[in-house]
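Asker: Below is the structure I would like to discuss, written out as structure tokens.
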Amino acid sequence: MPDEVSRRQFAKLAGLSAAGMASPVSSVEAKPASPPRSAGGFPQNFVWGTATSSYQVEGAVNEDGRGASIWDKFVRIPGKIEDGTTGDHANEHYHRYKEDIALVRELGCKAYRFSVAWPRVFPDGDGKPNPKGLDFYNRLVDELLKNGIEPWLTLYHWDLPQSLQDRFGGWRSTETCKIFGDYAAYVAEHLTDRVKNVFTLNESGRFVYFGYGIGIDAPGLTLPQAEVNQIRHNSALAHGLAVQAVRAHGRRGTRVGPAENIDACIPAIDTPENVRAAEIALRELNAGYLNVIMTGRYTDAFLKYAGADAPKYTEADLKIISSPVDFVGVNIYSPQHYIVASDQGAGFMPLPIPKSFPHMNSDWLRVGPETIYWVPKLAAKIWKTNAIYISENGASGDDQVTQDGKIYDTDRIMYLRNYLAQLQRATAEGVPVRGYFLWSLMDNFEWVYGLNKRFGLYHVNFDTQVRTPKLSASFYRNVIAKNAAGA
Ligand code: BG6
């Protein structure tokens, strides 16, 4: 595995220095409407939630007709998963979902983000649906609503049906995009009578590069840059097709948008020049996915930089990709680039990150609370959006169970307290962040790390499946109850 920090330096245009980029930034200022604010805290009606994903928690991979996903295959390749574990059992959430929803309720969360396992609903990706697969999500949604929790559904959190990988090369083919659109239509048709908010694909920025570029996520391929760029384009196309499918087949008023690990750019020092440079950087370093979704075009700098490796596309593709969304979901964990103004290229320069930069219990997870202030602020301005959701934020910790059976994760609390204070600062300034989903409700199968990394508010003993609240669960409950970061 490449070094941990570079794991998070997504392909896109990462690595672009000041050299060679020239493209003016949009001069249109966003004027977000400010919702009513509760005294000194977050706006009223701010959506507090937690998040999980299907392969990471469900287990039950061979039950009720579920087909295989690319992760089922990938985890069996020796050496791919750090501790040799798989998602075969994970949190057994498929059977314990009622117990887990009770945990969400205990936190006081009014929203829960989960993903649908595509191969549960369509074992081969397309063709005949598996009613038992859909039934699970019917039960899950009903149980959430019974507990006063709004279901926020993600259509794709990386568990692509293996059959689509075998038949079409997965996201290498636009066949998969079309089939994804059909799957999205089916899910929308059957669940949006109760599910009002839908995320399309989780983190194109990661699964494309890690899965098809450097081979450390499923399906484990290492393709040339031109193909990676084409696959990223296909993922944007799949997003657009899903947006259209939800509009056409979902109940009226269903809201839909992306959930992207935006390449996070922060002004190194808060000066007008650096802020403007960070704005340009945020747009250009997200040109391959979020920016094309929000604007309907690849930037000149992106195309110039990609050169012969640029994706092949049509005007019709761009129209689909930029189908209007209702919100922008951004997963924000770490600062990716501290930016200063430059008189060369497009006018920005990412600074090198010192080795001594503090991080949480994952080397890639640098602690930069200001990220969650600057990124939504700049994103709202660049893309003129009036609704941003933090679709993920959270931290890994050591999380030792002490002799009294408790987990005093004061480091996670430190991380959350500082990030939430910066998020509150953003909303107080009128930045249109409408909600926040903490990753994660409970420890789970953390992809290449297996069960080695813990992100949960609830500790999970994977031998007994006992869930124990960490101190951070009390912290988050207090934040939600007060609707304020200073809890
Ligand atoms: C996000 C993913 O990238 O980060 C989650 O959407 C993931 O699925 C989380 O669990 C932590 O990432 P990792 O690589 O440390 O497991």
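We name chains A, B, ... following the order of the structure tokens; residues begin at 1 in each chain, and ligands are numbered from 1 as shown.
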Pull the closest atom pair for each residue of chain A that gets at most 10 Å from ligand 1, along with the distance in Å to one decimal, counting only C-alpha atoms and all ligand atoms, ordering rows by chain and then ascending residue number, as JSON lines.

Answerer:
```
{"residue": "A:Glu4", "atom": "CA", "partner": "ligand 1", "partner_atom_place_in_ligand_line": "14 (O)", "distance": 9.4}
{"residue": "A:Arg7", "atom": "CA", "partner": "ligand 1", "partner_atom_place_in_ligand_line": "14 (O)", "distance": 8.4}
{"residue": "A:Arg8", "atom": "CA", "partner": "ligand 1", "partner_atom_place_in_ligand_line": "14 (O)", "distance": 8.5}
{"residue": "A:Ala51", "atom": "CA", "partner": "ligand 1", "partner_atom_place_in_ligand_line": "5 (C)", "distance": 8.9}
{"residue": "A:Thr52", "atom": "CA", "partner": "ligand 1", "partner_atom_place_in_ligand_line": "8 (O)", "distance": 7.3}
{"residue": "A:Ser53", "atom": "CA", "partner": "ligand 1", "partner_atom_place_in_ligand_line": "8 (O)", "distance": 6.4}
{"residue": "A:Ser54", "atom": "CA", "partner": "ligand 1", "partner_atom_place_in_ligand_line": "8 (O)", "distance": 9.3}
{"residue": "A:Tyr55", "atom": "CA", "partner": "ligand 1", "partner_atom_place_in_ligand_line": "8 (O)", "distance": 9.0}
{"residue": "A:Gln56", "atom": "CA", "partner": "ligand 1", "partner_atom_place_in_ligand_line": "8 (O)", "distance": 7.3}
{"residue": "A:His157", "atom": "CA", "partner": "ligand 1", "partner_atom_place_in_ligand_line": "8 (O)", "distance": 7.1}
{"residue": "A:Trp158", "atom": "CA", "partner": "ligand 1", "partner_atom_place_in_ligand_line": "8 (O)", "distance": 8.4}
{"residue": "A:Leu201", "atom": "CA", "partner": "ligand 1", "partner_atom_place_in_ligand_line": "6 (O)", "distance": 9.9}
{"residue": "A:Asn202", "atom": "CA", "partner": "ligand 1", "partner_atom_place_in_ligand_line": "6 (O)", "distance": 6.2}
{"residue": "A:Glu203", "atom": "CA", "partner": "ligand 1", "partner_atom_place_in_ligand_line": "6 (O)", "distance": 6.2}
{"residue": "A:Ser204", "atom": "CA", "partner": "ligand 1", "partner_atom_place_in_ligand_line": "6 (O)", "distance": 9.7}
{"residue": "A:Gly205", "atom": "CA", "partner": "ligand 1", "partner_atom_place_in_ligand_line": "3 (O)", "distance": 9.2}
{"residue": "A:Arg206", "atom": "CA", "partner": "ligand 1", "partner_atom_place_in_ligand_line": "3 (O)", "distance": 7.0}
{"residue": "A:Phe207", "atom": "CA", "partner": "ligand 1", "partner_atom_place_in_ligand_line": "3 (O)", "distance": 8.9}
{"residue": "A:Asp217", "atom": "CA", "partner": "ligand 1", "partner_atom_place_in_ligand_line": "14 (O)", "distance": 9.3}
{"residue": "A:Ala259", "atom": "CA", "partner": "ligand 1", "partner_atom_place_in_ligand_line": "6 (O)", "distance": 8.6}
{"residue": "A:Glu260", "atom": "CA", "partner": "ligand 1", "partner_atom_place_in_ligand_line": "6 (O)", "distance": 8.4}
{"residue": "A:Asn261", "atom": "CA", "partner": "ligand 1", "partner_atom_place_in_ligand_line": "3 (O)", "distance": 6.9}
{"residue": "A:Asn331", "atom": "CA", "partner": "ligand 1", "partner_atom_place_in_ligand_line": "1 (C)", "distance": 7.1}
{"residue": "A:Ile332", "atom": "CA", "partner": "ligand 1", "partner_atom_place_in_ligand_line": "1 (C)", "distance": 8.8}
{"residue": "A:Tyr333", "atom": "CA", "partner": "ligand 1", "partner_atom_place_in_ligand_line": "4 (O)", "distance": 7.8}
{"residue": "A:Asn361", "atom": "CA", "partner": "ligand 1", "partner_atom_place_in_ligand_line": "15 (O)", "distance": 9.2}
{"residue": "A:Ser362", "atom": "CA", "partner": "ligand 1", "partner_atom_place_in_ligand_line": "15 (O)", "distance": 6.6}
{"residue": "A:Asp363", "atom": "CA", "partner": "ligand 1", "partner_atom_place_in_ligand_line": "15 (O)", "distance": 9.1}
{"residue": "A:Trp364", "atom": "CA", "partner": "ligand 1", "partner_atom_place_in_ligand_line": "15 (O)", "distance": 7.9}
{"residue": "A:Leu365", "atom": "CA", "partner": "ligand 1", "partner_atom_place_in_ligand_line": "15 (O)", "distance": 7.9}
{"residue": "A:Ser391", "atom": "CA", "partner": "ligand 1", "partner_atom_place_in_ligand_line": "6 (O)", "distance": 8.8}
{"residue": "A:Glu392", "atom": "CA", "partner": "ligand 1", "partner_atom_place_in_ligand_line": "6 (O)", "distance": 7.0}
{"residue": "A:Asn393", "atom": "CA", "partner": "ligand 1", "partner_atom_place_in_ligand_line": "4 (O)", "distance": 8.1}
{"residue": "A:Gly394", "atom": "CA", "partner": "ligand 1", "partner_atom_place_in_ligand_line": "9 (C)", "distance": 8.2}
{"residue": "A:Ala395", "atom": "CA", "partner": "ligand 1", "partner_atom_place_in_ligand_line": "11 (C)", "distance": 7.9}
{"residue": "A:Ser396", "atom": "CA", "partner": "ligand 1", "partner_atom_place_in_ligand_line": "15 (O)", "distance": 7.4}
{"residue": "A:Trp439", "atom": "CA", "partner": "ligand 1", "partner_atom_place_in_ligand_line": "9 (C)", "distance": 7.0}
{"residue": "A:Ser440", "atom": "CA", "partner": "ligand 1", "partner_atom_place_in_ligand_line": "10 (O)", "distance": 7.7}
{"residue": "A:Asp443", "atom": "CA", "partner": "ligand 1", "partner_atom_place_in_ligand_line": "10 (O)", "distance": 9.2}
{"residue": "A:Asn444", "atom": "CA", "partner": "ligand 1", "partner_atom_place_in_ligand_line": "10 (O)", "distance": 7.8}
{"residue": "A:Phe445", "atom": "CA", "partner": "ligand 1", "partner_atom_place_in_ligand_line": "10 (O)", "distance": 7.5}
{"residue": "A:Glu446", "atom": "CA", "partner": "ligand 1", "partner_atom_place_in_ligand_line": "16 (O)", "distance": 3.9}
{"residue": "A:Trp447", "atom": "CA", "partner": "ligand 1", "partner_atom_place_in_ligand_line": "16 (O)", "distance": 5.1}
{"residue": "A:Val448", "atom": "CA", "partner": "ligand 1", "partner_atom_place_in_ligand_line": "16 (O)", "distance": 6.7}
{"residue": "A:Tyr449", "atom": "CA", "partner": "ligand 1", "partner_atom_place_in_ligand_line": "16 (O)", "distance": 6.3}
{"residue": "A:Gly450", "atom": "CA", "partner": "ligand 1", "partner_atom_place_in_ligand_line": "16 (O)", "distance": 8.0}
{"residue": "A:Leu451", "atom": "CA", "partner": "ligand 1", "partner_atom_place_in_ligand_line": "16 (O)", "distance": 9.2}
{"residue": "A:Asn452", "atom": "CA", "partner": "ligand 1", "partner_atom_place_in_ligand_line": "16 (O)", "distance": 9.3}
{"residue": "A:Lys453", "atom": "CA", "partner": "ligand 1", "partner_atom_place_in_ligand_line": "15 (O)", "distance": 6.8}
{"residue": "A:Arg454", "atom": "CA", "partner": "ligand 1", "partner_atom_place_in_ligand_line": "15 (O)", "distance": 8.5}
{"residue": "A:Phe455", "atom": "CA", "partner": "ligand 1", "partner_atom_place_in_ligand_line": "11 (C)", "distance": 7.4}
{"residue": "A:Gly456", "atom": "CA", "partner": "ligand 1", "partner_atom_place_in_ligand_line": "10 (O)", "distance": 9.9}
```

Asker: With C-alpha atoms retained, export the selected residues as a tab-separated table (two decimals), in the first residue's frame.

Answerer:
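See part-v1.tsv below for the written result:
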```
chain	number	residue	atom	x	y	z
A	4	GLU	CA	-1.04	6.58	4.07
A	7	ARG	CA	-3.89	7.44	-0.10
A	8	ARG	CA	-5.90	10.58	0.38
A	51	ALA	CA	-23.77	7.54	8.81
A	52	THR	CA	-22.87	3.98	7.86
A	53	SER	CA	-22.65	2.05	4.58
A	54	SER	CA	-23.98	-1.31	3.51
A	55	TYR	CA	-20.82	-3.39	3.02
A	56	GLN	CA	-19.22	-1.92	6.12
A	157	HIS	CA	-21.23	3.20	-1.46
A	158	TRP	CA	-18.78	1.07	-3.48
A	201	LEU	CA	-22.54	7.99	-5.41
A	202	ASN	CA	-20.32	8.13	-2.37
A	203	GLU	CA	-16.85	9.53	-3.06
A	204	SER	CA	-16.12	9.19	-6.73
A	205	GLY	CA	-12.80	10.83	-5.85
A	206	ARG	CA	-11.83	7.78	-3.88
A	207	PHE	CA	-13.36	4.75	-5.48
A	217	ASP	CA	-9.69	-0.62	-3.22
A	259	ALA	CA	-21.77	12.88	-1.50
A	260	GLU	CA	-18.23	13.66	-2.52
A	261	ASN	CA	-14.91	13.64	-0.73
A	331	ASN	CA	-17.38	14.37	3.10
A	332	ILE	CA	-14.85	16.40	5.05
A	333	TYR	CA	-12.17	14.79	7.19
A	361	ASN	CA	-5.35	7.31	14.50
A	362	SER	CA	-5.05	7.04	10.70
A	363	ASP	CA	-2.01	8.63	9.11
A	364	TRP	CA	-4.13	10.21	6.40
A	365	LEU	CA	-6.51	11.84	8.86
A	391	SER	CA	-22.34	13.92	4.44
A	392	GLU	CA	-19.42	12.57	6.51
A	393	ASN	CA	-17.03	13.81	9.15
A	394	GLY	CA	-15.42	11.92	11.97
A	395	ALA	CA	-12.21	10.40	13.27
A	396	SER	CA	-10.48	7.14	14.02
A	439	TRP	CA	-18.99	9.00	10.51
A	440	SER	CA	-19.75	6.70	12.04
A	443	ASP	CA	-17.11	0.86	14.55
A	444	ASN	CA	-17.33	-1.16	11.35
A	445	PHE	CA	-15.40	-2.81	8.53
A	446	GLU	CA	-13.05	-0.01	7.47
A	447	TRP	CA	-12.22	-1.22	3.97
A	448	VAL	CA	-8.50	-1.88	3.53
A	449	TYR	CA	-7.92	-1.56	7.28
A	450	GLY	CA	-10.43	-4.30	8.05
A	451	LEU	CA	-11.53	-4.06	11.66
A	452	ASN	CA	-8.30	-2.31	12.66
A	453	LYS	CA	-9.57	1.25	12.58
A	454	ARG	CA	-12.42	2.43	14.72
A	455	PHE	CA	-14.53	5.46	13.78
A	456	GLY	CA	-17.68	4.75	15.80
```

Asker: Determine which residues of region 24-227 of chain A DSSP labels as helix (DSSP H, G or I) from the backbone of this structure, then write them out as number ranges by chain.

Answerer: A: 54-57, 70-74, 93-107, 118-121, 131-146, 162-168, 170-172, 174-191, 204-213, 225-227

Asker: What lies within 9 Å of region 458-465 of chain A using only C-alpha atoms, ignoring chain neighbours under 5 positions off, as a ChimeraX atom specification?

Answerer: /A:89-92,103,399,401,407,440-444,451,470-473

Asker: Just list the residues in region 288-431 of chain A DSSP gives strand (DSSP E or B) on the backbone, as a list in words.

Answerer: Val328, Gly329, Val330, Asn331, His337, Tyr338, Ile339, Val340, Ala341, Phe348, Met349, Pro350, His359, Arg366, Ile388, Tyr389, Ile390, Ser391, Glu392, Asn393 and Gly397 of chain A

Asker: Could you list, as a list in words, every residue within 9 Å of Pro369 (chain A), counting only C-alpha atoms and ignoring same-chain residues fewer than 6 positions away?

Answerer: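 So, after excluding close chain neighbours, the residues are Tyr333, Ser334, Pro335, Tyr415, Leu416, Arg417, Asn418, Tyr419, Leu420, Ala421, Gln422 and Leu423 of chain A.
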
Asker: Which neighbours of Asp309 (chain A) fall inside 10 Å, counting only C-alpha atoms, when residues of the same chain fewer than 3 positions from it are skipped, and could you give them as a PDB file with N, CA, C and O atoms, in the first residue's frame?

Answerer:
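Produced file part-v4.pdb, reproduced below:
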```
ATOM      1  N   PRO A 224      -3.972   2.961 -16.737  1.00  0.00           N
ATOM      2  CA  PRO A 224      -3.323   4.232 -17.086  1.00  0.00           C
ATOM      3  C   PRO A 224      -4.248   5.436 -16.829  1.00  0.00           C
ATOM      4  O   PRO A 224      -5.467   5.283 -16.789  1.00  0.00           O
ATOM      5  N   GLN A 225      -3.628   6.603 -16.686  1.00  0.00           N
ATOM      6  CA  GLN A 225      -4.356   7.819 -16.313  1.00  0.00           C
ATOM      7  C   GLN A 225      -5.530   8.120 -17.251  1.00  0.00           C
ATOM      8  O   GLN A 225      -6.596   8.564 -16.802  1.00  0.00           O
ATOM      9  N   ALA A 226      -5.354   7.885 -18.545  1.00  0.00           N
ATOM     10  CA  ALA A 226      -6.440   8.199 -19.488  1.00  0.00           C
ATOM     11  C   ALA A 226      -7.690   7.396 -19.130  1.00  0.00           C
ATOM     12  O   ALA A 226      -8.807   7.909 -19.145  1.00  0.00           O
ATOM     13  N   GLU A 227      -7.485   6.145 -18.775  1.00  0.00           N
ATOM     14  CA  GLU A 227      -8.644   5.308 -18.411  1.00  0.00           C
ATOM     15  C   GLU A 227      -9.250   5.752 -17.090  1.00  0.00           C
ATOM     16  O   GLU A 227     -10.468   5.748 -16.919  1.00  0.00           O
ATOM     17  N   VAL A 228      -8.377   6.115 -16.158  1.00  0.00           N
ATOM     18  CA  VAL A 228      -8.885   6.585 -14.865  1.00  0.00           C
ATOM     19  C   VAL A 228      -9.749   7.835 -15.092  1.00  0.00           C
ATOM     20  O   VAL A 228     -10.835   7.972 -14.518  1.00  0.00           O
ATOM     21  N   ASN A 229      -9.279   8.728 -15.944  1.00  0.00           N
ATOM     22  CA  ASN A 229     -10.054   9.937 -16.237  1.00  0.00           C
ATOM     23  C   ASN A 229     -11.394   9.594 -16.884  1.00  0.00           C
ATOM     24  O   ASN A 229     -12.419  10.226 -16.608  1.00  0.00           O
ATOM     25  N   GLN A 230     -11.365   8.580 -17.753  1.00  0.00           N
ATOM     26  CA  GLN A 230     -12.611   8.174 -18.414  1.00  0.00           C
ATOM     27  C   GLN A 230     -13.581   7.570 -17.381  1.00  0.00           C
ATOM     28  O   GLN A 230     -14.784   7.829 -17.414  1.00  0.00           O
ATOM     29  N   LEU A 303      -8.708  20.409 -18.767  1.00  0.00           N
ATOM     30  CA  LEU A 303      -8.511  19.765 -20.073  1.00  0.00           C
ATOM     31  C   LEU A 303      -7.066  19.927 -20.540  1.00  0.00           C
ATOM     32  O   LEU A 303      -6.471  19.002 -21.093  1.00  0.00           O
ATOM     33  N   LYS A 304      -6.522  21.102 -20.274  1.00  0.00           N
ATOM     34  CA  LYS A 304      -5.141  21.358 -20.688  1.00  0.00           C
ATOM     35  C   LYS A 304      -4.180  20.444 -19.924  1.00  0.00           C
ATOM     36  O   LYS A 304      -3.272  19.841 -20.504  1.00  0.00           O
ATOM     37  N   TYR A 305      -4.412  20.328 -18.642  1.00  0.00           N
ATOM     38  CA  TYR A 305      -3.540  19.519 -17.805  1.00  0.00           C
ATOM     39  C   TYR A 305      -3.628  18.045 -18.202  1.00  0.00           C
ATOM     40  O   TYR A 305      -2.626  17.342 -18.282  1.00  0.00           O
ATOM     41  N   ALA A 306      -4.882  17.577 -18.446  1.00  0.00           N
ATOM     42  CA  ALA A 306      -5.069  16.161 -18.794  1.00  0.00           C
ATOM     43  C   ALA A 306      -4.512  15.871 -20.187  1.00  0.00           C
ATOM     44  O   ALA A 306      -4.054  14.761 -20.472  1.00  0.00           O
ATOM     45  N   LYS A 312     -13.067  11.323 -22.983  1.00  0.00           N
ATOM     46  CA  LYS A 312     -13.832  11.570 -24.221  1.00  0.00           C
ATOM     47  C   LYS A 312     -15.287  11.724 -23.798  1.00  0.00           C
ATOM     48  O   LYS A 312     -15.796  10.917 -23.013  1.00  0.00           O
TER      49      LYS A 312
END
```
